[in-house]
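Here's start.csv, which has CSV, C-alpha atoms and all ligand atoms:
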chain,number,residue,atom,x,y,z
A,1,MET,CA,-4.2,-17.1,-5.7
A,2,LYS,CA,-0.6,-17.5,-7.1
A,3,ARG,CA,1.9,-16.5,-4.5
A,4,LYS,CA,4.9,-18.8,-4.6
A,5,LEU,CA,7.4,-16.1,-3.5
A,6,PHE,CA,10.0,-18.1,-1.6
A,7,GLY,CA,8.9,-21.6,-2.2
A,8,GLY,CA,7.3,-21.9,1.2
A,9,GLY,CA,9.4,-24.2,3.4
A,10,PHE,CA,12.0,-22.2,5.3
A,11,PHE,CA,9.7,-19.1,5.7
A,12,ALA,CA,6.6,-21.1,6.4
A,13,PHE,CA,6.6,-19.9,10.0
A,14,ALA,CA,6.1,-16.3,8.9
A,15,PRO,CA,2.4,-15.2,9.0
A,16,SER,CA,1.5,-14.9,5.4
A,17,ALA,CA,-0.9,-12.5,3.7
A,18,ALA,CA,-3.5,-15.2,3.4
A,19,LEU,CA,-3.4,-15.7,7.2
A,20,ALA,CA,-3.5,-12.0,7.8
A,21,ALA,CA,-6.7,-11.8,5.6
A,22,THR,CA,-8.4,-14.3,7.9
A,23,LEU,CA,-7.1,-12.8,11.1
A,24,GLY,CA,-8.3,-9.3,10.3
A,25,PRO,CA,-6.6,-6.0,10.8
A,26,SER,CA,-4.0,-5.4,13.5
A,27,LYS,CA,-3.0,-2.0,14.6
A,28,TYR,CA,0.6,-3.2,14.8
A,29,ASN,CA,0.9,-4.4,11.2
A,30,LEU,CA,0.1,-3.4,7.6
A,31,GLN,CA,-3.6,-3.5,6.6
A,32,PRO,CA,-4.8,-6.9,5.5
A,33,PRO,CA,-3.9,-7.1,1.7
A,34,GLN,CA,-6.8,-7.2,-0.8
A,35,SER,CA,-4.9,-7.4,-4.0
A,36,PRO,CA,-2.2,-9.7,-5.3
A,37,ILE,CA,0.4,-6.9,-5.2
A,38,ALA,CA,-0.6,-5.9,-1.6
A,39,ALA,CA,-0.2,-9.6,-0.6
A,40,GLN,CA,3.3,-9.7,-2.0
A,41,ILE,CA,4.2,-6.5,-0.2
A,42,TYR,CA,2.8,-7.9,3.0
A,43,ASP,CA,4.8,-11.1,2.7
A,44,LEU,CA,8.0,-9.2,1.8
A,45,HIS,CA,7.5,-7.0,4.8
A,46,THR,CA,7.0,-10.0,7.1
A,47,ILE,CA,9.9,-12.1,5.7
A,48,ILE,CA,12.4,-9.2,5.6
A,49,LEU,CA,11.5,-8.3,9.2
A,50,ALA,CA,12.0,-11.9,10.2
A,51,ILE,CA,15.5,-12.0,8.5
A,52,CYS,CA,16.4,-8.7,10.3
A,53,VAL,CA,15.3,-10.3,13.7
A,54,VAL,CA,17.3,-13.4,13.0
A,55,ILE,CA,20.4,-11.3,12.1
A,56,PHE,CA,19.9,-9.2,15.2
A,57,VAL,CA,19.6,-12.2,17.5
A,58,VAL,CA,22.6,-14.1,16.0
A,59,VAL,CA,24.9,-11.0,16.0
A,60,PHE,CA,24.0,-9.8,19.4
A,61,GLY,CA,23.9,-13.3,20.9
A,62,PHE,CA,27.4,-14.0,19.5
A,63,MET,CA,28.7,-10.7,20.7
A,64,PHE,CA,27.4,-11.0,24.3
A,65,TYR,CA,28.5,-14.7,24.4
A,66,ALA,CA,32.0,-13.6,23.3
A,67,VAL,CA,32.2,-10.7,25.7
A,68,PHE,CA,31.1,-12.8,28.6
A,69,LYS,CA,33.0,-16.0,27.9
A,70,HIS,CA,36.3,-14.4,27.0
A,71,ARG,CA,36.4,-11.7,29.6
A,72,LYS,CA,39.7,-10.7,31.2
A,73,ALA,CA,38.3,-11.5,34.7
A,74,ALA,CA,38.0,-15.1,33.7
A,75,GLY,CA,41.6,-15.1,32.8
A,76,HIS,CA,41.3,-14.9,29.0
A,77,GLN,CA,44.0,-13.6,26.8
A,78,ALA,CA,43.1,-11.5,23.7
A,79,ALA,CA,43.3,-13.5,20.5
A,80,HIS,CA,45.2,-12.0,17.5
A,81,PHE,CA,43.6,-12.5,14.1
A,82,HIS,CA,44.3,-9.3,12.2
A,83,GLU,CA,44.1,-9.6,8.4
A,84,ASN,CA,42.4,-12.9,8.7
A,85,THR,CA,41.4,-13.8,5.1
A,86,THR,CA,38.9,-16.4,6.1
A,87,VAL,CA,37.0,-14.1,8.4
A,88,GLU,CA,37.0,-11.3,5.8
A,89,ILE,CA,35.6,-13.6,3.1
A,90,ILE,CA,32.9,-14.9,5.4
A,91,TRP,CA,31.7,-11.5,6.5
A,92,THR,CA,31.6,-10.4,2.9
A,93,VAL,CA,30.0,-13.4,1.3
A,94,ILE,CA,27.2,-14.0,3.9
A,95,PRO,CA,25.8,-10.5,3.8
A,96,PHE,CA,26.1,-10.6,-0.1
A,97,PHE,CA,23.8,-13.7,-0.2
A,98,ILE,CA,21.4,-12.2,2.4
A,99,LEU,CA,21.1,-9.0,0.3
A,100,VAL,CA,20.6,-10.9,-3.0
A,101,GLY,CA,18.0,-13.1,-1.2
A,102,MET,CA,16.0,-10.0,-0.2
A,103,ALA,CA,16.6,-8.0,-3.4
A,104,TYR,CA,15.4,-10.8,-5.8
A,105,PRO,CA,11.8,-11.1,-4.5
A,106,ALA,CA,11.6,-7.3,-3.9
A,107,THR,CA,12.6,-6.5,-7.5
A,108,LYS,CA,10.1,-9.1,-8.8
A,109,THR,CA,7.3,-7.3,-6.9
A,110,VAL,CA,8.4,-3.9,-8.1
A,111,ILE,CA,8.4,-5.0,-11.7
A,112,GLU,CA,4.9,-6.5,-11.3
A,113,MET,CA,3.7,-3.3,-9.7
A,114,LYS,CA,4.7,-1.4,-12.8
A,115,ASP,CA,3.2,-3.8,-15.2
A,116,THR,CA,0.0,-2.0,-16.2
A,117,SER,CA,-0.4,-3.9,-19.5
A,118,ALA,CA,-3.8,-5.5,-20.5
A,119,PRO,CA,-6.1,-3.7,-18.0
A,120,ASP,CA,-9.8,-4.5,-17.9
A,121,MET,CA,-10.6,-0.8,-17.4
A,122,THR,CA,-8.8,2.5,-17.0
A,123,VAL,CA,-9.7,5.3,-14.7
A,124,LYS,CA,-7.9,8.7,-14.7
A,125,VAL,CA,-7.4,10.1,-11.2
A,126,THR,CA,-6.7,13.7,-10.8
A,127,GLY,CA,-5.7,15.3,-7.4
A,128,TYR,CA,-6.8,18.8,-6.6
A,129,GLN,CA,-6.6,21.0,-3.5
A,130,TRP,CA,-8.4,19.2,-1.8
A,131,LYS,CA,-10.5,16.6,-3.6
A,132,TRP,CA,-10.1,13.8,-6.1
A,133,HIS,CA,-11.6,13.6,-9.6
A,134,TYR,CA,-12.3,10.3,-11.3
A,135,ASP,CA,-12.7,9.9,-15.1
A,136,TYR,CA,-13.9,6.5,-16.3
A,137,LEU,CA,-12.2,6.6,-19.7
A,138,ASN,CA,-14.0,3.5,-21.1
A,139,GLU,CA,-17.4,4.7,-19.9
A,140,GLY,CA,-17.2,8.5,-20.5
A,141,ILE,CA,-18.3,9.4,-17.0
A,142,GLY,CA,-16.5,11.4,-14.4
A,143,PHE,CA,-17.1,13.0,-11.0
A,144,TYR,CA,-15.5,14.7,-8.0
A,145,SER,CA,-15.0,12.9,-4.7
A,146,ASN,CA,-15.1,15.2,-1.7
A,147,LEU,CA,-14.7,14.7,2.0
A,148,ALA,CA,-18.1,13.9,3.5
A,149,THR,CA,-17.4,14.1,7.2
A,150,PRO,CA,-19.8,16.6,8.8
A,151,LYS,CA,-18.3,19.9,10.0
A,152,GLU,CA,-19.8,19.3,13.5
A,153,GLN,CA,-17.5,16.2,13.9
A,154,ILE,CA,-14.4,18.1,12.7
A,155,GLU,CA,-15.1,21.0,15.0
A,156,GLY,CA,-15.7,18.6,17.9
A,157,ARG,CA,-19.4,19.5,18.3
A,158,ALA,CA,-20.5,15.9,17.5
A,159,PRO,CA,-19.1,12.5,18.3
A,160,LYS,CA,-16.7,11.2,15.7
A,161,SER,CA,-17.8,8.3,13.5
A,162,GLU,CA,-15.8,5.1,13.0
A,163,THR,CA,-14.7,6.3,9.6
A,164,TYR,CA,-13.9,9.9,10.7
A,165,LEU,CA,-12.2,11.8,7.9
A,166,LEU,CA,-12.2,8.7,5.8
A,167,GLU,CA,-15.6,9.1,4.1
A,168,VAL,CA,-16.4,10.7,0.8
A,169,ASP,CA,-19.6,11.8,-1.0
A,170,ASN,CA,-18.8,9.9,-4.2
A,171,PRO,CA,-16.6,6.9,-3.9
A,172,MET,CA,-14.7,5.4,-6.7
A,173,VAL,CA,-16.6,2.2,-7.8
A,174,VAL,CA,-14.9,-0.7,-9.5
A,175,PRO,CA,-15.8,-4.3,-10.3
A,176,VAL,CA,-14.3,-7.1,-8.2
A,177,GLY,CA,-11.5,-9.3,-9.8
A,178,LYS,CA,-10.8,-6.9,-12.6
A,179,LYS,CA,-7.5,-5.3,-13.4
A,180,VAL,CA,-8.0,-1.6,-12.9
A,181,ARG,CA,-5.4,0.7,-14.5
A,182,LEU,CA,-5.1,4.1,-12.9
A,183,LEU,CA,-3.7,7.1,-14.7
A,184,ILE,CA,-2.7,9.5,-12.0
A,185,THR,CA,-2.1,13.2,-12.3
A,186,ALA,CA,-2.7,16.5,-10.5
A,187,GLY,CA,-4.3,19.7,-11.4
A,188,ASP,CA,-2.4,22.1,-9.0
A,189,VAL,CA,0.2,20.7,-6.6
A,190,LEU,CA,1.6,17.3,-5.8
A,191,HIS,CA,-0.8,14.8,-4.3
A,192,ALA,CA,-0.5,11.0,-3.9
A,193,TRP,CA,-3.2,8.4,-4.3
A,194,PHE,CA,-2.7,5.9,-1.5
A,195,VAL,CA,-4.9,2.9,-0.7
A,196,PRO,CA,-2.9,0.5,1.5
A,197,ALA,CA,-5.1,-2.5,1.1
A,198,PHE,CA,-4.4,-2.5,-2.6
A,199,GLY,CA,-0.7,-1.9,-2.3
A,200,VAL,CA,-1.0,1.3,-4.4
A,201,LYS,CA,0.8,4.5,-3.5
A,202,GLN,CA,1.5,6.7,-6.5
A,203,ASP,CA,2.4,10.4,-6.6
A,204,ALA,CA,0.0,12.6,-8.6
A,205,ILE,CA,2.3,15.1,-10.4
A,206,PRO,CA,0.9,18.2,-12.3
A,207,GLY,CA,1.9,17.9,-16.0
A,208,PHE,CA,2.7,14.3,-15.8
A,209,ILE,CA,0.7,11.1,-16.0
A,210,ARG,CA,1.9,8.1,-13.9
A,211,ASP,CA,0.2,4.8,-14.1
A,212,THR,CA,-0.4,2.0,-11.7
A,213,TRP,CA,-2.9,-0.7,-11.2
A,214,PHE,CA,-4.7,-2.9,-8.7
A,215,ARG,CA,-7.0,-5.9,-8.8
A,216,ALA,CA,-9.4,-6.1,-5.8
A,217,GLU,CA,-10.0,-9.6,-4.8
A,218,LYS,CA,-13.0,-9.1,-2.5
A,219,THR,CA,-16.0,-6.8,-2.6
A,220,GLY,CA,-16.2,-4.2,0.1
A,221,ILE,CA,-15.2,-0.6,0.9
A,222,TYR,CA,-11.5,0.3,1.0
A,223,ARG,CA,-10.2,3.5,2.3
A,224,GLY,CA,-7.1,5.6,1.9
A,225,GLN,CA,-5.8,9.2,1.9
A,226,CYS,CA,-3.8,11.6,0.0
A,227,ALA,CA,-0.2,10.8,1.0
A,228,GLU,CA,1.7,13.9,-0.2
A,229,LEU,CA,1.7,17.0,1.9
A,230,CYS,CA,-0.4,19.3,-0.4
A,231,GLY,CA,-1.7,22.2,1.6
A,232,LYS,CA,-3.8,23.1,4.5
A,233,GLU,CA,-6.5,20.5,3.8
A,234,HIS,CA,-4.1,17.7,3.0
A,235,GLY,CA,-5.6,15.6,5.7
A,236,PHE,CA,-9.1,16.2,4.4
A,237,MET,CA,-8.9,14.4,1.0
A,238,PRO,CA,-9.7,10.8,1.7
A,239,ILE,CA,-10.1,8.1,-0.9
A,240,VAL,CA,-12.9,5.6,-0.8
A,241,VAL,CA,-13.0,2.7,-3.3
A,242,LYS,CA,-16.2,0.6,-3.4
A,243,VAL,CA,-15.6,-2.9,-4.9
A,244,VAL,CA,-18.8,-4.4,-6.2
A,245,GLU,CA,-19.9,-7.4,-8.3
A,246,GLN,CA,-19.8,-6.9,-12.0
A,247,ALA,CA,-23.6,-6.7,-12.3
A,248,GLU,CA,-23.8,-4.0,-9.7
A,249,TYR,CA,-21.0,-2.1,-11.3
A,250,ASP,CA,-22.8,-2.2,-14.7
A,251,ARG,CA,-26.0,-0.9,-13.0
A,252,TRP,CA,-24.0,1.9,-11.4
A,253,VAL,CA,-22.4,2.9,-14.7
A,254,ALA,CA,-25.8,2.9,-16.5
A,255,GLU,CA,-27.1,5.1,-13.7
A,256,GLN,CA,-24.2,7.6,-14.1
A,257,LYS,CA,-24.6,7.7,-17.8
A,258,GLN,CA,-28.4,8.4,-17.4
A,259,LYS,CA,-27.7,11.3,-15.0
A,260,LYS,CA,-25.1,12.7,-17.4
A,261,ALA,CA,-27.6,12.5,-20.3
A,262,ALA,CA,-30.2,14.2,-18.2
A,263,GLY,CA,-27.7,17.0,-17.6
A,264,GLN,CA,-27.6,16.3,-13.8
A,265,PRO,CA,-24.4,16.5,-11.9
A,266,VAL,CA,-23.1,13.0,-11.8
A,267,GLN,CA,-23.4,10.9,-8.6
A,268,VAL,CA,-24.2,13.7,-6.2
A,269,SER,CA,-25.4,12.2,-3.0
A,270,ALA,CA,-27.7,13.7,-0.4
A,271,ALA,CA,-24.7,14.6,1.8
A,272,ALA,CA,-23.0,16.6,-1.0
A,273,ALA,CA,-26.2,18.4,-2.0
A,274,LYS,CA,-26.5,20.0,1.4
B,301,CU,CU,-3.4,16.0,-1.6

Mind converting the file's structure to structure tokens?
Ligand SMILES: [Cu+2]
Amino acid sequence: MKRKLFGGGFFAFAPSAALAATLGPSKYNLQPPQSPIAAQIYDLHTIILAICVVIFVVVFGFMFYAVFKHRKAAGHQAAHFHENTTVEIIWTVIPFFILVGMAYPATKTVIEMKDTSAPDMTVKVTGYQWKWHYDYLNEGIGFYSNLATPKEQIEGRAPKSETYLLEVDNPMVVPVGKKVRLLITAGDVLHAWFVPAFGVKQDAIPGFIRDTWFRAEKTGIYRGQCAELCGKEHGFMPIVVKVVEQAEYDRWVAEQKQKKAAGQPVQVSAAAAK
């Protein structure tokens, strides 16, 4: 994995994305990153938070020290340094370098996020009220992805599952380690395709196509949700991405094509058929 962000060293104390991946999820932090971009975002978040904490401690420490040490009760006279050029230069130059130090890596990551060139595959994602549609442009297959949480759970008549409101009938399936380009749009109102583990959050805008990409580094199931208030069932249009080995992906594609050729609705599971 190439992640040389800040040359290690000074920031080595900050828990990195790699460490987060081994420690597992924490409810106090971002989800463990599963793509190179998500790892960069994770590290940026950690490092910038650390810088903010250091600034906070230094500024408040200095302020409280000055207030306490130079209090009138201890017999101190107020110092006079109005229009002190040295002080003004210092408090301009130091923040300037801090800002540049934060902006440089952040800009680098944003540029990489936007680089959708040379993808291994392209999937068009369309948001609807209130479901997603996936078109595999290289394979000629497509299907809807609907919420699969049973009504009984939503209405409180059954115990809620671990993945309550985060499960769909037809997940998006992608091969591991491949650069997947997403063309994102919407068929009615604004939606947003958001999968935190991949570091992808892109608005789906009717009449426009925005592109983004991710490369999943590990097989597994990753979940997200629509992240743009889009109507009364906004909270009921989850996203599930199943990352599988290439061979399994090829088998899945062949199966979808077969179903399509047979005129069957593509990838309808037992849950959706009910
Ligand atoms: Cu939506």

Closest contacts (chain A/ligand CU 301 (chain B), max 7 Å, all atoms listed in the file) as a tab-separated table:
residue	atom	partner	partner_atom	distance
A:Gly127	CA	B:CU301	CU	6.3
A:Tyr128	CA	B:CU301	CU	6.7
A:Gln129	CA	B:CU301	CU	6.2
A:Trp130	CA	B:CU301	CU	5.9
A:Leu190	CA	B:CU301	CU	6.7
A:His191	CA	B:CU301	CU	3.9
A:Ala192	CA	B:CU301	CU	6.2
A:Cys226	CA	B:CU301	CU	4.7
A:Ala227	CA	B:CU301	CU	6.6
A:Glu228	CA	B:CU301	CU	5.7
A:Leu229	CA	B:CU301	CU	6.3
A:Cys230	CA	B:CU301	CU	4.6
A:His234	CA	B:CU301	CU	5.0
A:Met237	CA	B:CU301	CU	6.3

Item to check | Selected residue, from A:Trp132, A:Phe96, A:Phe236, A:Tyr104, that lies nearest to Gly187 of chain A when counting only C-alpha atoms | outcome: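 The shortest atom-to-atom distance to Gly187 of chain A comes from A:Trp132.
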
Item to check | Among the residues A:Asp211, A:Thr163, A:His82, A:Ile239, the one that comes closest to Thr116 of chain A [using only C-alpha atoms] | outcome: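 Of A:Asp211, A:Thr163, A:His82, A:Ile239, the one nearest Thr116 of chain A is A:Asp211, counting only C-alpha atoms.
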
Next on the checklist: Residues within 7 Å of segment 241-246 of chain A, please, as a PyMOL selection string. Count all atoms listed in the file; anything in the same chain fewer than 4 positions from it doesn't count.
Outcome noted: chain A and resi 171-176+219-223+250

Next on the checklist: Here is a test: counting only C-alpha atoms, which residue of A:Val110, A:Met63, A:Leu30, A:Ile141 is nearest to Glu255 of chain A?
Outcome noted: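 That would be A:Ile141, the residue with the smallest distance to Glu255 of chain A.
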
Checklist entry - Around (4.3, -3.5, 6.4) in the file's frame, which residues reach within 7 Å when counting all atoms listed in the file? Return as number ranges by chain? => result A: 29-30, 42, 45

Checklist entry - So which one's closest to Gly199 of chain A, A:Pro33, A:Pro25, A:Gly61, A:Pro150? Using all atoms listed in the file, please. => result A:Pro33

Next on the checklist: Between atom CA of Gln264 of chain A and atom CA of Thr122 of chain A, what is the distance in Å, rounded to a tenth?
Outcome noted: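 Pair atom CA of Gln264 of chain A / atom CA of Thr122 of chain A returns 23.5 Å.
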
Checklist entry - What does the distance between atom CA of Gly177 of chain A and atom CA of Ala216 of chain A come to in Å, to one decimal place? => result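 Pair atom CA of Gly177 of chain A / atom CA of Ala216 of chain A returns 5.5 Å.
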
Item to check | Nearest residue to Lys257 of chain A from the set A:Gly142, A:Lys232, A:Val59, A:Lys160 (distances using all atoms listed in the file) | outcome: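 Checking each candidate against Lys257 of chain A, we get A:Gly142 as the closest.
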
Item to check | d(atom CA of Val189 of chain A, atom CA of Gln256 of chain A) in Å | outcome: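 Separation of atom CA of Val189 of chain A and atom CA of Gln256 of chain A: 28.7 Å.
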
Checklist entry - In terms of the shortest atom-to-atom distance over only C-alpha atoms, which of A:Val123, A:Ile98, A:Val200, A:Ala74 is closest to Leu183 of chain A? => result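 Going through A:Val123, A:Ile98, A:Val200, A:Ala74 one by one, the smallest distance to Leu183 of chain A is for A:Val123.
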
Checklist entry - At a cut-off of 12 Å from (22.2, -13.4, 9.4) in the coordinates of the file, what residues are picked up using all atoms listed in the file, written as a PyMOL selection string? => result chain A and resi 48-62+90-99+101-102

Next on the checklist: I'd like the neighbourhood of Leu182 of chain A as number ranges by chain, where a residue qualifies if any of its atoms comes within 12 Å (using all atoms listed in the file), though same-chain residues fewer than 2 positions away should be ignored.
Outcome noted: A: 113-117, 119-126, 133-137, 172, 174, 179-180, 184-185, 193-194, 200-204, 209-215
